[in-house]
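my_file_12.cif, holding mmCIF, C-alpha atoms and all ligand atoms:
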```
data_input
loop_
_atom_site.label_atom_id
_atom_site.label_comp_id
_atom_site.auth_asym_id
_atom_site.auth_seq_id
_atom_site.Cartn_x
_atom_site.Cartn_y
_atom_site.Cartn_z
CA MET A 1 21.75 -23.75 -31.73
CA ALA A 2 21.29 -25.70 -28.53
CA LYS A 3 23.90 -25.15 -25.90
CA ILE A 4 25.72 -28.36 -25.08
CA ILE A 5 27.07 -28.89 -21.61
CA PRO A 6 29.73 -31.55 -21.07
CA LEU A 7 28.04 -34.74 -20.00
CA ALA A 8 30.04 -35.07 -16.83
CA ASP A 9 28.06 -32.23 -15.29
CA ALA A 10 25.19 -31.94 -17.70
CA ARG A 11 22.54 -29.74 -16.12
CA ILE A 12 21.09 -27.80 -19.00
CA VAL A 13 20.71 -28.96 -22.56
CA HIS A 14 18.56 -26.89 -24.89
CA GLY A 15 17.04 -25.14 -21.91
CA ALA A 16 15.90 -28.31 -20.19
CA SER A 17 17.26 -29.09 -16.73
CA VAL A 18 18.44 -32.54 -15.85
CA PRO A 19 20.68 -33.80 -13.09
CA ALA A 20 24.18 -34.99 -13.80
CA PRO A 21 24.17 -38.59 -15.00
CA HIS A 22 24.86 -41.35 -12.52
CA ALA A 23 28.04 -43.36 -12.52
CA ALA A 24 28.66 -45.24 -15.79
CA ALA A 25 26.47 -48.29 -16.33
CA SER A 26 27.08 -51.23 -18.60
CA PHE A 27 25.30 -51.37 -21.96
CA ALA A 28 22.99 -54.10 -20.81
CA PRO A 29 19.33 -53.93 -19.84
CA THR A 30 19.16 -51.41 -17.02
CA GLY A 31 15.96 -52.69 -15.42
CA VAL A 32 12.79 -50.67 -15.12
CA LEU A 33 13.33 -46.96 -15.34
CA ALA A 34 10.52 -45.00 -13.70
CA ASP A 35 9.74 -41.30 -13.83
CA THR A 36 8.58 -39.19 -10.85
CA ARG A 37 5.07 -40.62 -11.26
CA GLY A 38 6.22 -44.22 -11.48
CA ARG A 39 5.71 -44.43 -15.25
CA ALA A 40 8.09 -46.73 -17.10
CA LEU A 41 9.72 -45.91 -20.43
CA ARG A 42 8.24 -48.37 -22.91
CA ASP A 43 7.53 -46.65 -26.22
CA LEU A 44 9.59 -44.47 -28.47
CA ARG A 45 8.11 -42.45 -31.32
CA VAL A 46 10.65 -41.38 -33.89
CA SER A 47 9.88 -38.56 -36.30
CA VAL A 48 11.95 -39.39 -39.39
CA THR A 49 11.00 -36.26 -41.32
CA ASP A 50 9.21 -32.99 -40.62
CA ARG A 51 7.94 -32.88 -44.22
CA CYS A 52 4.48 -33.96 -45.24
CA ASN A 53 2.63 -34.29 -48.53
CA PHE A 54 -0.71 -33.44 -46.84
CA ARG A 55 -1.71 -30.18 -45.21
CA CYS A 56 -4.19 -31.39 -42.60
CA VAL A 57 -6.05 -28.47 -41.07
CA TYR A 58 -5.48 -29.82 -37.55
CA CYS A 59 -1.75 -30.39 -38.01
CA MET A 60 0.02 -28.42 -40.79
CA PRO A 61 -2.59 -26.01 -42.15
CA LYS A 62 -1.74 -24.56 -45.54
CA ASP A 63 -2.82 -21.03 -44.68
CA VAL A 64 0.16 -20.72 -42.30
CA TYR A 65 3.09 -21.44 -44.66
CA GLY A 66 1.50 -23.05 -47.72
CA HIS A 67 3.74 -25.92 -48.82
CA ASP A 68 6.86 -24.16 -47.60
CA TYR A 69 6.95 -24.82 -43.89
CA PRO A 70 10.36 -23.98 -42.40
CA PHE A 71 11.62 -27.54 -42.89
CA LEU A 72 14.91 -28.67 -41.42
CA PRO A 73 17.86 -29.02 -43.81
CA HIS A 74 18.75 -32.67 -44.41
CA ALA A 75 22.02 -32.43 -42.45
CA GLU A 76 20.02 -31.64 -39.32
CA LEU A 77 18.00 -34.83 -39.48
CA LEU A 78 19.22 -37.82 -37.56
CA THR A 79 20.78 -40.36 -39.90
CA PHE A 80 19.50 -43.93 -39.92
CA GLU A 81 22.68 -45.00 -38.12
CA GLU A 82 22.07 -42.42 -35.41
CA ILE A 83 18.45 -43.49 -34.98
CA ALA A 84 19.48 -47.15 -34.74
CA ARG A 85 22.15 -46.30 -32.18
CA LEU A 86 19.59 -44.46 -30.07
CA ALA A 87 17.14 -47.33 -30.47
CA ARG A 88 19.69 -49.59 -28.75
CA VAL A 89 20.06 -47.07 -25.96
CA PHE A 90 16.31 -46.86 -25.46
CA LYS A 91 15.98 -50.60 -25.59
CA ALA A 92 18.51 -50.88 -22.78
CA HIS A 93 16.08 -48.83 -20.69
CA GLY A 94 13.13 -51.10 -21.43
CA VAL A 95 11.69 -49.66 -24.64
CA GLU A 96 9.81 -52.45 -26.40
CA LYS A 97 8.05 -50.61 -29.18
CA ILE A 98 9.22 -48.07 -31.74
CA ARG A 99 6.79 -46.16 -33.93
CA LEU A 100 8.15 -44.35 -36.98
CA THR A 101 6.23 -41.21 -37.72
CA GLY A 102 6.66 -37.62 -38.84
CA GLY A 103 5.73 -35.54 -40.87
CA GLU A 104 4.95 -38.25 -43.36
CA PRO A 105 7.47 -41.04 -42.69
CA LEU A 106 7.14 -42.58 -46.15
CA LEU A 107 8.63 -39.39 -47.61
CA ARG A 108 11.96 -40.28 -46.00
CA ARG A 109 13.94 -41.99 -48.74
CA HIS A 110 14.81 -45.65 -48.25
CA LEU A 111 12.90 -45.85 -44.98
CA GLU A 112 12.95 -49.63 -45.35
CA ARG A 113 16.70 -49.48 -44.65
CA LEU A 114 16.02 -47.92 -41.27
CA VAL A 115 13.36 -50.54 -40.58
CA ALA A 116 15.87 -53.28 -41.39
CA MET A 117 18.45 -51.73 -39.07
CA LEU A 118 15.93 -51.52 -36.23
CA SER A 119 14.76 -55.03 -36.92
CA ASP A 120 18.35 -56.28 -36.66
CA ILE A 121 18.46 -55.00 -33.07
CA GLY A 122 15.86 -57.64 -32.20
CA GLY A 123 13.13 -57.64 -29.59
CA LEU A 124 11.46 -54.42 -30.76
CA ASP A 125 7.87 -54.14 -31.95
CA LEU A 126 8.21 -51.94 -35.04
CA THR A 127 5.26 -49.90 -36.20
CA LEU A 128 4.63 -46.92 -38.47
CA THR A 129 1.99 -44.20 -38.72
CA THR A 130 1.32 -42.94 -42.23
CA ASN A 131 -1.26 -40.99 -44.20
CA GLY A 132 -1.26 -43.93 -46.60
CA ALA A 133 -0.57 -41.92 -49.76
CA LEU A 134 2.56 -43.93 -50.61
CA LEU A 135 1.66 -47.10 -48.76
CA ALA A 136 0.51 -49.18 -51.72
CA LYS A 137 4.03 -48.82 -53.19
CA LYS A 138 5.94 -49.36 -49.97
CA ALA A 139 3.97 -51.91 -47.91
CA ARG A 140 5.70 -55.06 -49.15
CA GLU A 141 9.27 -53.79 -48.81
CA LEU A 142 8.54 -52.42 -45.33
CA LYS A 143 7.18 -55.78 -44.26
CA ASP A 144 10.16 -57.59 -45.77
CA ALA A 145 12.47 -55.22 -43.89
CA GLY A 146 10.87 -56.21 -40.58
CA LEU A 147 8.03 -53.77 -39.94
CA ASN A 148 5.30 -55.43 -37.87
CA ARG A 149 2.24 -53.20 -38.27
CA VAL A 150 0.94 -49.91 -39.62
CA THR A 151 -1.52 -47.29 -38.48
CA VAL A 152 -3.11 -45.34 -41.32
CA SER A 153 -4.61 -41.89 -40.81
CA LEU A 154 -7.82 -41.48 -42.76
CA ASP A 155 -10.25 -38.74 -41.77
CA ALA A 156 -13.05 -39.35 -44.27
CA LEU A 157 -14.29 -41.64 -47.01
CA ASP A 158 -15.93 -38.86 -48.96
CA ASP A 159 -13.40 -37.13 -51.22
CA GLY A 160 -14.81 -33.66 -50.52
CA VAL A 161 -14.70 -34.08 -46.74
CA PHE A 162 -11.25 -35.65 -47.01
CA ARG A 163 -10.07 -32.55 -48.90
CA ALA A 164 -11.60 -30.28 -46.26
CA MET A 165 -9.64 -32.10 -43.55
CA ASN A 166 -6.38 -32.87 -45.33
CA ASP A 167 -6.24 -30.01 -47.84
CA VAL A 168 -4.85 -32.09 -50.70
CA ASP A 169 -6.25 -33.25 -53.99
CA PHE A 170 -5.80 -36.92 -53.39
CA PRO A 171 -8.44 -39.60 -53.93
CA VAL A 172 -9.48 -41.52 -50.84
CA SER A 173 -9.45 -44.67 -52.98
CA ARG A 174 -5.64 -44.54 -53.08
CA VAL A 175 -5.42 -44.48 -49.29
CA LEU A 176 -7.81 -47.46 -49.24
CA ASP A 177 -5.53 -49.20 -51.77
CA GLY A 178 -2.62 -48.55 -49.41
CA ILE A 179 -4.54 -50.11 -46.53
CA GLU A 180 -5.30 -53.20 -48.59
CA ALA A 181 -1.68 -53.47 -49.76
CA ALA A 182 -0.57 -53.31 -46.12
CA ALA A 183 -3.07 -56.02 -45.19
CA ALA A 184 -1.90 -58.18 -48.10
CA ALA A 185 1.71 -57.72 -46.98
CA GLY A 186 0.80 -58.87 -43.46
CA LEU A 187 1.23 -55.53 -41.67
CA ALA A 188 -1.75 -56.34 -39.50
CA PRO A 189 -3.77 -55.68 -37.46
CA ILE A 190 -4.08 -52.31 -39.19
CA LYS A 191 -5.38 -49.39 -37.21
CA ILE A 192 -7.20 -46.56 -38.96
CA ASN A 193 -6.93 -43.21 -37.15
CA VAL A 194 -9.63 -40.60 -37.66
CA VAL A 195 -9.17 -37.16 -36.12
CA VAL A 196 -12.64 -35.70 -35.70
CA LYS A 197 -13.13 -31.96 -36.11
CA ARG A 198 -16.60 -30.63 -35.42
CA GLY A 199 -18.39 -29.29 -38.47
CA VAL A 200 -15.71 -30.62 -40.83
CA ASN A 201 -15.73 -34.43 -40.75
CA ASP A 202 -18.11 -35.42 -37.94
CA SER A 203 -20.57 -36.37 -40.68
CA GLU A 204 -18.14 -39.20 -41.56
CA ILE A 205 -18.23 -40.94 -38.17
CA LEU A 206 -21.00 -43.35 -39.15
CA PRO A 207 -19.89 -43.95 -42.77
CA MET A 208 -16.40 -44.81 -41.46
CA ALA A 209 -17.85 -47.16 -38.85
CA ARG A 210 -20.01 -48.86 -41.47
CA HIS A 211 -17.09 -49.20 -43.88
CA PHE A 212 -14.55 -50.64 -41.46
CA ARG A 213 -16.91 -52.77 -39.33
CA ASN A 214 -15.85 -56.40 -39.74
CA SER A 215 -13.08 -55.40 -42.17
CA GLY A 216 -10.37 -56.80 -39.89
CA HIS A 217 -8.99 -53.26 -39.42
CA ILE A 218 -9.44 -51.37 -36.16
CA LEU A 219 -11.02 -47.96 -36.53
CA ARG A 220 -10.02 -45.40 -33.90
CA PHE A 221 -11.51 -41.96 -33.45
CA ILE A 222 -9.17 -39.34 -31.99
CA GLU A 223 -10.27 -36.20 -30.21
CA TYR A 224 -8.81 -33.15 -31.91
CA MET A 225 -5.94 -31.99 -29.68
CA ASP A 226 -4.35 -28.62 -29.02
CA VAL A 227 -0.94 -29.69 -30.32
CA GLY A 228 1.24 -26.87 -31.67
CA HIS A 229 -0.11 -23.43 -32.53
CA THR A 230 -0.60 -23.42 -36.29
CA ASN A 231 -3.95 -25.24 -36.17
CA GLY A 232 -5.71 -22.49 -34.17
CA TRP A 233 -7.32 -25.14 -31.93
CA ARG A 234 -10.56 -24.30 -30.10
CA LEU A 235 -12.35 -26.49 -27.59
CA ASP A 236 -15.57 -26.01 -29.57
CA ASP A 237 -13.99 -27.92 -32.48
CA VAL A 238 -13.52 -31.05 -30.36
CA VAL A 239 -16.08 -33.84 -30.66
CA PRO A 240 -15.85 -35.70 -27.34
CA SER A 241 -15.37 -39.46 -27.51
CA ALA A 242 -18.57 -40.01 -25.53
CA GLU A 243 -20.49 -38.31 -28.36
CA ILE A 244 -18.71 -40.45 -30.97
CA ILE A 245 -19.62 -43.62 -29.09
CA ARG A 246 -23.24 -42.43 -28.88
CA ILE A 247 -23.36 -41.80 -32.64
CA VAL A 248 -21.89 -45.19 -33.58
CA GLY A 249 -23.74 -47.01 -30.81
CA HIS A 250 -27.07 -45.68 -32.03
CA GLU A 251 -26.72 -47.76 -35.21
CA PHE A 252 -24.47 -50.54 -33.92
CA PRO A 253 -24.83 -51.33 -30.20
CA LEU A 254 -21.43 -51.33 -28.47
CA GLU A 255 -19.99 -52.47 -25.17
CA PRO A 256 -16.67 -51.44 -23.61
CA ILE A 257 -13.90 -54.04 -23.49
CA GLY A 258 -10.65 -54.12 -21.55
CA ALA A 259 -7.29 -52.76 -22.70
CA ASN A 260 -4.91 -55.06 -24.56
CA TYR A 261 -2.07 -53.91 -22.32
CA PRO A 262 -1.55 -51.40 -19.49
CA GLY A 263 -1.28 -47.86 -20.82
CA GLU A 264 -3.13 -48.48 -24.12
CA VAL A 265 -4.26 -45.04 -25.24
CA ALA A 266 -7.45 -46.13 -27.01
CA GLU A 267 -10.52 -47.19 -25.07
CA ARG A 268 -11.88 -50.22 -26.84
CA TRP A 269 -15.53 -50.85 -27.71
CA ARG A 270 -16.90 -54.06 -29.20
CA TYR A 271 -19.78 -54.33 -31.64
CA LEU A 272 -22.29 -56.45 -29.76
CA ASP A 273 -23.33 -58.30 -32.89
CA SER A 274 -19.82 -59.35 -33.94
CA ASP A 275 -18.24 -62.64 -32.95
CA ASP A 276 -14.78 -61.81 -34.23
CA ALA A 277 -13.00 -59.90 -31.44
CA GLU A 278 -10.53 -58.03 -33.66
CA ALA A 279 -12.77 -57.41 -36.65
CA GLY A 280 -15.56 -56.16 -34.47
CA GLU A 281 -14.18 -53.30 -32.41
CA ILE A 282 -13.56 -49.59 -32.53
CA GLY A 283 -11.42 -47.40 -30.31
CA VAL A 284 -11.63 -43.84 -29.06
CA ILE A 285 -8.67 -41.77 -27.98
CA SER A 286 -9.91 -39.17 -25.52
CA SER A 287 -6.81 -37.09 -24.99
CA VAL A 288 -8.88 -33.96 -24.32
CA THR A 289 -11.90 -35.17 -22.34
CA GLN A 290 -10.22 -38.03 -20.42
CA ALA A 291 -6.50 -37.45 -20.19
CA PHE A 292 -4.38 -40.57 -19.91
CA CYS A 293 -1.14 -39.00 -18.69
CA LYS A 294 -0.96 -41.28 -15.68
CA ASP A 295 -0.28 -44.24 -17.94
CA CYS A 296 1.94 -42.50 -20.49
CA THR A 297 5.08 -44.51 -21.19
CA ARG A 298 6.05 -42.65 -24.40
CA ALA A 299 9.09 -40.61 -25.32
CA ARG A 300 9.36 -38.74 -28.61
CA LEU A 301 12.44 -38.26 -30.67
CA ALA A 302 12.01 -35.26 -32.95
CA THR A 303 13.39 -35.13 -36.46
CA ASP A 304 16.57 -33.33 -35.40
CA GLY A 305 17.32 -35.64 -32.48
CA LYS A 306 15.75 -33.68 -29.64
CA LEU A 307 14.04 -35.85 -27.10
CA TYR A 308 10.66 -34.78 -25.72
CA THR A 309 9.03 -36.52 -22.78
CA CYS A 310 5.53 -35.23 -23.63
CA LEU A 311 3.68 -34.24 -26.80
CA PHE A 312 3.14 -30.89 -25.13
CA ALA A 313 6.66 -30.41 -23.81
CA THR A 314 8.17 -27.07 -24.66
CA GLN A 315 11.81 -28.08 -24.47
CA GLY A 316 13.76 -31.00 -25.81
CA TYR A 317 17.01 -32.67 -24.85
CA ASP A 318 19.57 -32.58 -27.61
CA LEU A 319 20.59 -36.20 -28.14
CA ARG A 320 22.02 -35.46 -31.59
CA ALA A 321 24.71 -33.32 -30.01
CA LEU A 322 25.75 -36.30 -27.91
CA LEU A 323 25.68 -38.65 -30.89
CA ARG A 324 27.78 -36.31 -32.99
CA GLY A 325 30.06 -35.47 -30.08
CA SER A 326 32.30 -37.95 -28.41
CA SER A 327 29.75 -39.51 -26.04
CA ALA A 328 29.88 -43.25 -25.59
CA ASP A 329 26.66 -45.25 -25.57
CA GLU A 330 26.98 -45.70 -21.80
CA GLU A 331 26.98 -41.95 -21.32
CA ILE A 332 23.87 -41.54 -23.43
CA ILE A 333 22.19 -44.34 -21.49
CA ASN A 334 22.97 -42.53 -18.24
CA TYR A 335 21.85 -39.22 -19.63
CA LEU A 336 18.54 -40.74 -20.70
CA ALA A 337 18.12 -42.25 -17.22
CA ALA A 338 18.62 -38.79 -15.74
CA ILE A 339 16.05 -37.26 -18.08
CA TRP A 340 13.40 -39.92 -17.56
CA SER A 341 13.78 -40.13 -13.81
CA GLN A 342 13.07 -36.37 -13.64
CA ARG A 343 10.02 -36.57 -15.89
CA ALA A 344 6.85 -35.11 -14.36
CA ASP A 345 4.80 -34.17 -17.47
CA ARG A 346 1.02 -34.41 -17.30
CA TYR A 347 -0.09 -31.68 -19.66
CA SER A 348 -3.43 -33.15 -20.68
CA GLU A 349 -4.47 -33.55 -17.04
CA ILE A 350 -3.80 -29.91 -16.25
CA ARG A 351 -4.93 -28.42 -19.59
CA SER A 352 -6.49 -24.99 -18.97
CA GLU A 353 -6.51 -21.49 -20.39
CA ARG A 354 -3.14 -20.96 -18.77
CA THR A 355 -1.53 -24.03 -20.37
CA ALA A 356 -3.13 -23.18 -23.73
CA ALA A 357 -1.02 -20.05 -23.86
CA LEU A 358 2.27 -21.91 -23.31
CA PRO A 359 4.61 -22.29 -26.27
CA LYS A 360 4.07 -25.62 -28.01
CA ILE A 361 5.92 -27.77 -30.47
CA GLU A 362 4.30 -28.63 -33.81
CA MET A 363 3.19 -32.24 -34.25
CA SER A 364 4.93 -32.60 -37.62
CA TYR A 365 8.30 -31.94 -35.99
CA ILE A 366 7.90 -33.82 -32.72
CA GLY A 367 6.17 -36.77 -34.41
CA GLY A 368 2.54 -37.76 -33.95
N1 LIG A 401 1.82 -38.28 -41.61
C1 LIG A 401 1.50 -39.39 -40.77
C2 LIG A 401 0.00 -39.52 -40.65
O1 LIG A 401 -0.74 -38.76 -41.25
O2 LIG A 401 -0.43 -40.44 -39.97
C3 LIG A 401 2.17 -39.41 -39.42
C4 LIG A 401 2.26 -38.15 -38.66
S1 LIG A 401 0.73 -37.54 -38.03
C5 LIG A 401 1.29 -36.12 -37.18
C6 LIG A 401 0.41 -38.72 -36.77
C7 LIG A 401 -0.98 -38.74 -36.21
O3 LIG A 401 -1.21 -37.55 -35.51
C8 LIG A 401 -2.08 -38.86 -37.24
O4 LIG A 401 -2.93 -39.93 -36.95
C9 LIG A 401 -2.79 -37.54 -37.13
O5 LIG A 401 -4.11 -37.66 -37.46
C10 LIG A 401 -2.56 -37.19 -35.67
N2 LIG A 401 -2.72 -35.77 -35.37
C11 LIG A 401 -2.06 -34.73 -35.92
N3 LIG A 401 -2.48 -33.56 -35.40
C12 LIG A 401 -3.43 -33.88 -34.48
C13 LIG A 401 -4.25 -33.12 -33.61
N4 LIG A 401 -4.19 -31.79 -33.56
N5 LIG A 401 -5.11 -33.78 -32.80
C14 LIG A 401 -5.19 -35.13 -32.83
N6 LIG A 401 -4.44 -35.91 -33.63
C15 LIG A 401 -3.58 -35.29 -34.45
#
```
Could you quickly redo this structure as structure tokens?
Amino acid sequence: MAKIIPLADARIVHGASVPAPHAAASFAPTGVLADTRGRALRDLRVSVTDRCNFRCVYCMPKDVYGHDYPFLPHAELLTFEEIARLARVFKAHGVEKIRLTGGEPLLRRHLERLVAMLSDIGGLDLTLTTNGALLAKKARELKDAGLNRVTVSLDALDDGVFRAMNDVDFPVSRVLDGIEAAAAAGLAPIKINVVVKRGVNDSEILPMARHFRNSGHILRFIEYMDVGHTNGWRLDDVVPSAEIIRIVGHEFPLEPIGANYPGEVAERWRYLDSDDAEAGEIGVISSVTQAFCKDCTRARLATDGKLYTCLFATQGYDLRALLRGSSADEEIINYLAAIWSQRADRYSEIRSERTAALPKIEMSYIGG
């Protein structure tokens, strides 16, 4: 159990050092909160469950625990009310976008109720990342509840390659049905995330590009990252974005285009022969070969309410203890200000053999 220090002189929570919070502030927008590198807090990723119905080899490989990962008991998960309360706190510090993730977020029962509660707060861009397995069933009610967009992870079109990456017997066609249901519900533009692992699904780079070109959905290739320990990551398994662009560009000439907003993680490339800006682009997320820490405005709320200021952080701040204790919102706002203003993370920029050996948190728990 995390050790909780009274807020008045909070210095250590779950092993992470923060200064004591400042004097109480009102529960109104606090202005721009910057970390030690001048990065604002803009995005919050919320892991709503650590469970997943897939066993992707790069995330929750089956050979580690099979289907029985050491999942958190339900009572340890943040409730929807607790997540909504924290969303207000984060919004007060300038958070504009909340992404629900996991684990597989659509496994959390009645997720649409959480979406509705977050939507009621107002002024938040609400998005969700899913493997798409349950999306065909859920897309409409999520949209009706106030979800704006979805990102769907899909690592291959070929069923055999898909199985090699995701380690489930699940037809790709059902993920494609989920994508179309999301489009029909208006959860657009839809982004399709492909993690590329050398020798496993790199043969799918071109088929994926061909399939999604001019579909209206934005295909994004992600470099395989060294998140967590269970995946046994090796640098040799990473296909650099530059190589991906070369492969796609060989068949479909591409040109780079500017970011949609400061801090966008994907580099955008436009198909030269497409007139439709959105339908005709792909993205690459080069977290290994071109770290983007300097623009990172994301915080991550793990399934049990621990806050992480980096995907590679080793320690979290126990916000659930504050929620379930007697802390007022103002105190949590101040505590968050203290955490963020101390933030110095830049793991991907300093990745090395030494950092590879550091303890790491699994993606399914911290939220991808
Ligand atoms: N279950 C949902 C899904 O499949 O999209 C949400 C959670 S998943 C952890 C979120 C994203 O993280 C997915 O797009 C997944 O491909 C990506 N991801 C997981 N492990 C990764 C790794 N080692 N390197 C790069 N991306 C990874």
Practice task
Rank nothing, just name the residue among A:Arg37, A:Arg246, A:Arg51, A:Arg140 nearest to ligand LIG 401 (chain A), using all atoms listed in the file.
Solution key: A:Arg51
Exercise for the section: Could you give me the residues within 9 Å of ligand LIG 401 (chain A), counting only C-alpha atoms and all ligand atoms, as a PyMOL selection string? Expected result: chain A and resi 47+50-54+56-60+100-106+128-132+151-155+192-197+222-228+231+233+285+287+362-368
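For the residues A:Leu235, A:Asp177, A:Arg113, A:Asp63, ranking by smallest atom-to-atom distance to Ala356 of chain A using only C-alpha atoms places A:Leu235 first.
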Practice task
Could you check which of A:Met117, A:Ile333, A:Leu311, A:Ala34 is closest to Tyr347 of chain A, using all atoms listed in the file?
Solution key: A:Leu311
Practice task
Excluding Asp345 of chain A and residues on its chain fewer than 6 positions from it, collect all residues at most 9 Å away from it, counting only C-alpha atoms, and give them as a ChimeraX atom specification.
Solution key: /A:37,293,309-310,312-313
Handout entry: Among listed residues A:Leu107, A:Ala328, A:Asp167, A:Tyr271, nearest His250 of chain A (using all atoms listed in the file)
Key = A:Tyr271
Problem - Distance of atom CA of Ala291 of chain A from atom CA of Val161 of chain A, expressed in Å to one decimal place - result: 28.0 Å
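Relative to atom CA of Leu147 of chain A, atom CA of His74 of chain A is found at 24.1 Å.
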Exercise for the section: Can you work out the spacing between atom CA of Arg354 of chain A and atom CA of Thr303 of chain A in Å, to one decimal? Expected result: 28.1 Å
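Minimum atom-to-atom distance to Ala242 of chain A, evaluated using all atoms listed in the file, belongs to A:Val284 out of A:Val284, A:Met208, A:Val265, A:Ile179.
The smallest atom-to-atom distance between Gly263 of chain A and any of A:Ile244, A:Glu281, A:Phe292, A:Asp68, using all atoms listed in the file, is found for A:Phe292.
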Within 12 Å of Thr297 of chain A using all atoms listed in the file, minus same-chain residues under 6 positions, as a compact mmCIF listing (two decimals) with C-alpha atoms, keeping the file's coordinate frame:
```txt
# COMPACT_ATOMS: atom_id res chain seq x y z
CA VAL A 32 12.79 -50.67 -15.12
CA LEU A 33 13.33 -46.96 -15.34
CA ALA A 34 10.52 -45.00 -13.70
CA ASP A 35 9.74 -41.30 -13.83
CA ARG A 37 5.07 -40.62 -11.26
CA GLY A 38 6.22 -44.22 -11.48
CA ARG A 39 5.71 -44.43 -15.25
CA ALA A 40 8.09 -46.73 -17.10
CA LEU A 41 9.72 -45.91 -20.43
CA ARG A 42 8.24 -48.37 -22.91
CA ASP A 43 7.53 -46.65 -26.22
CA LEU A 44 9.59 -44.47 -28.47
CA ARG A 45 8.11 -42.45 -31.32
CA HIS A 93 16.08 -48.83 -20.69
CA GLY A 94 13.13 -51.10 -21.43
CA VAL A 95 11.69 -49.66 -24.64
CA GLU A 96 9.81 -52.45 -26.40
CA LYS A 97 8.05 -50.61 -29.18
CA ILE A 98 9.22 -48.07 -31.74
CA TYR A 261 -2.07 -53.91 -22.32
CA PRO A 262 -1.55 -51.40 -19.49
CA GLY A 263 -1.28 -47.86 -20.82
CA GLU A 264 -3.13 -48.48 -24.12
CA VAL A 265 -4.26 -45.04 -25.24
CA THR A 309 9.03 -36.52 -22.78
CA CYS A 310 5.53 -35.23 -23.63
CA LEU A 311 3.68 -34.24 -26.80
CA TRP A 340 13.40 -39.92 -17.56
CA ARG A 343 10.02 -36.57 -15.89
CA ALA A 344 6.85 -35.11 -14.36
CA ASP A 345 4.80 -34.17 -17.47
CA ARG A 346 1.02 -34.41 -17.30
```
Set up a box along x, y and z of the file covering all listed atoms of segment 111-116 of chain A, add 5 Å on every one of the six sides, and write the centre and edge lengths in Å to one decimal, as JSON.
```
{"center_x": 14.8, "center_y": -49.6, "center_z": -43.0, "size_x": 13.8, "size_y": 17.4, "size_z": 14.8}
```
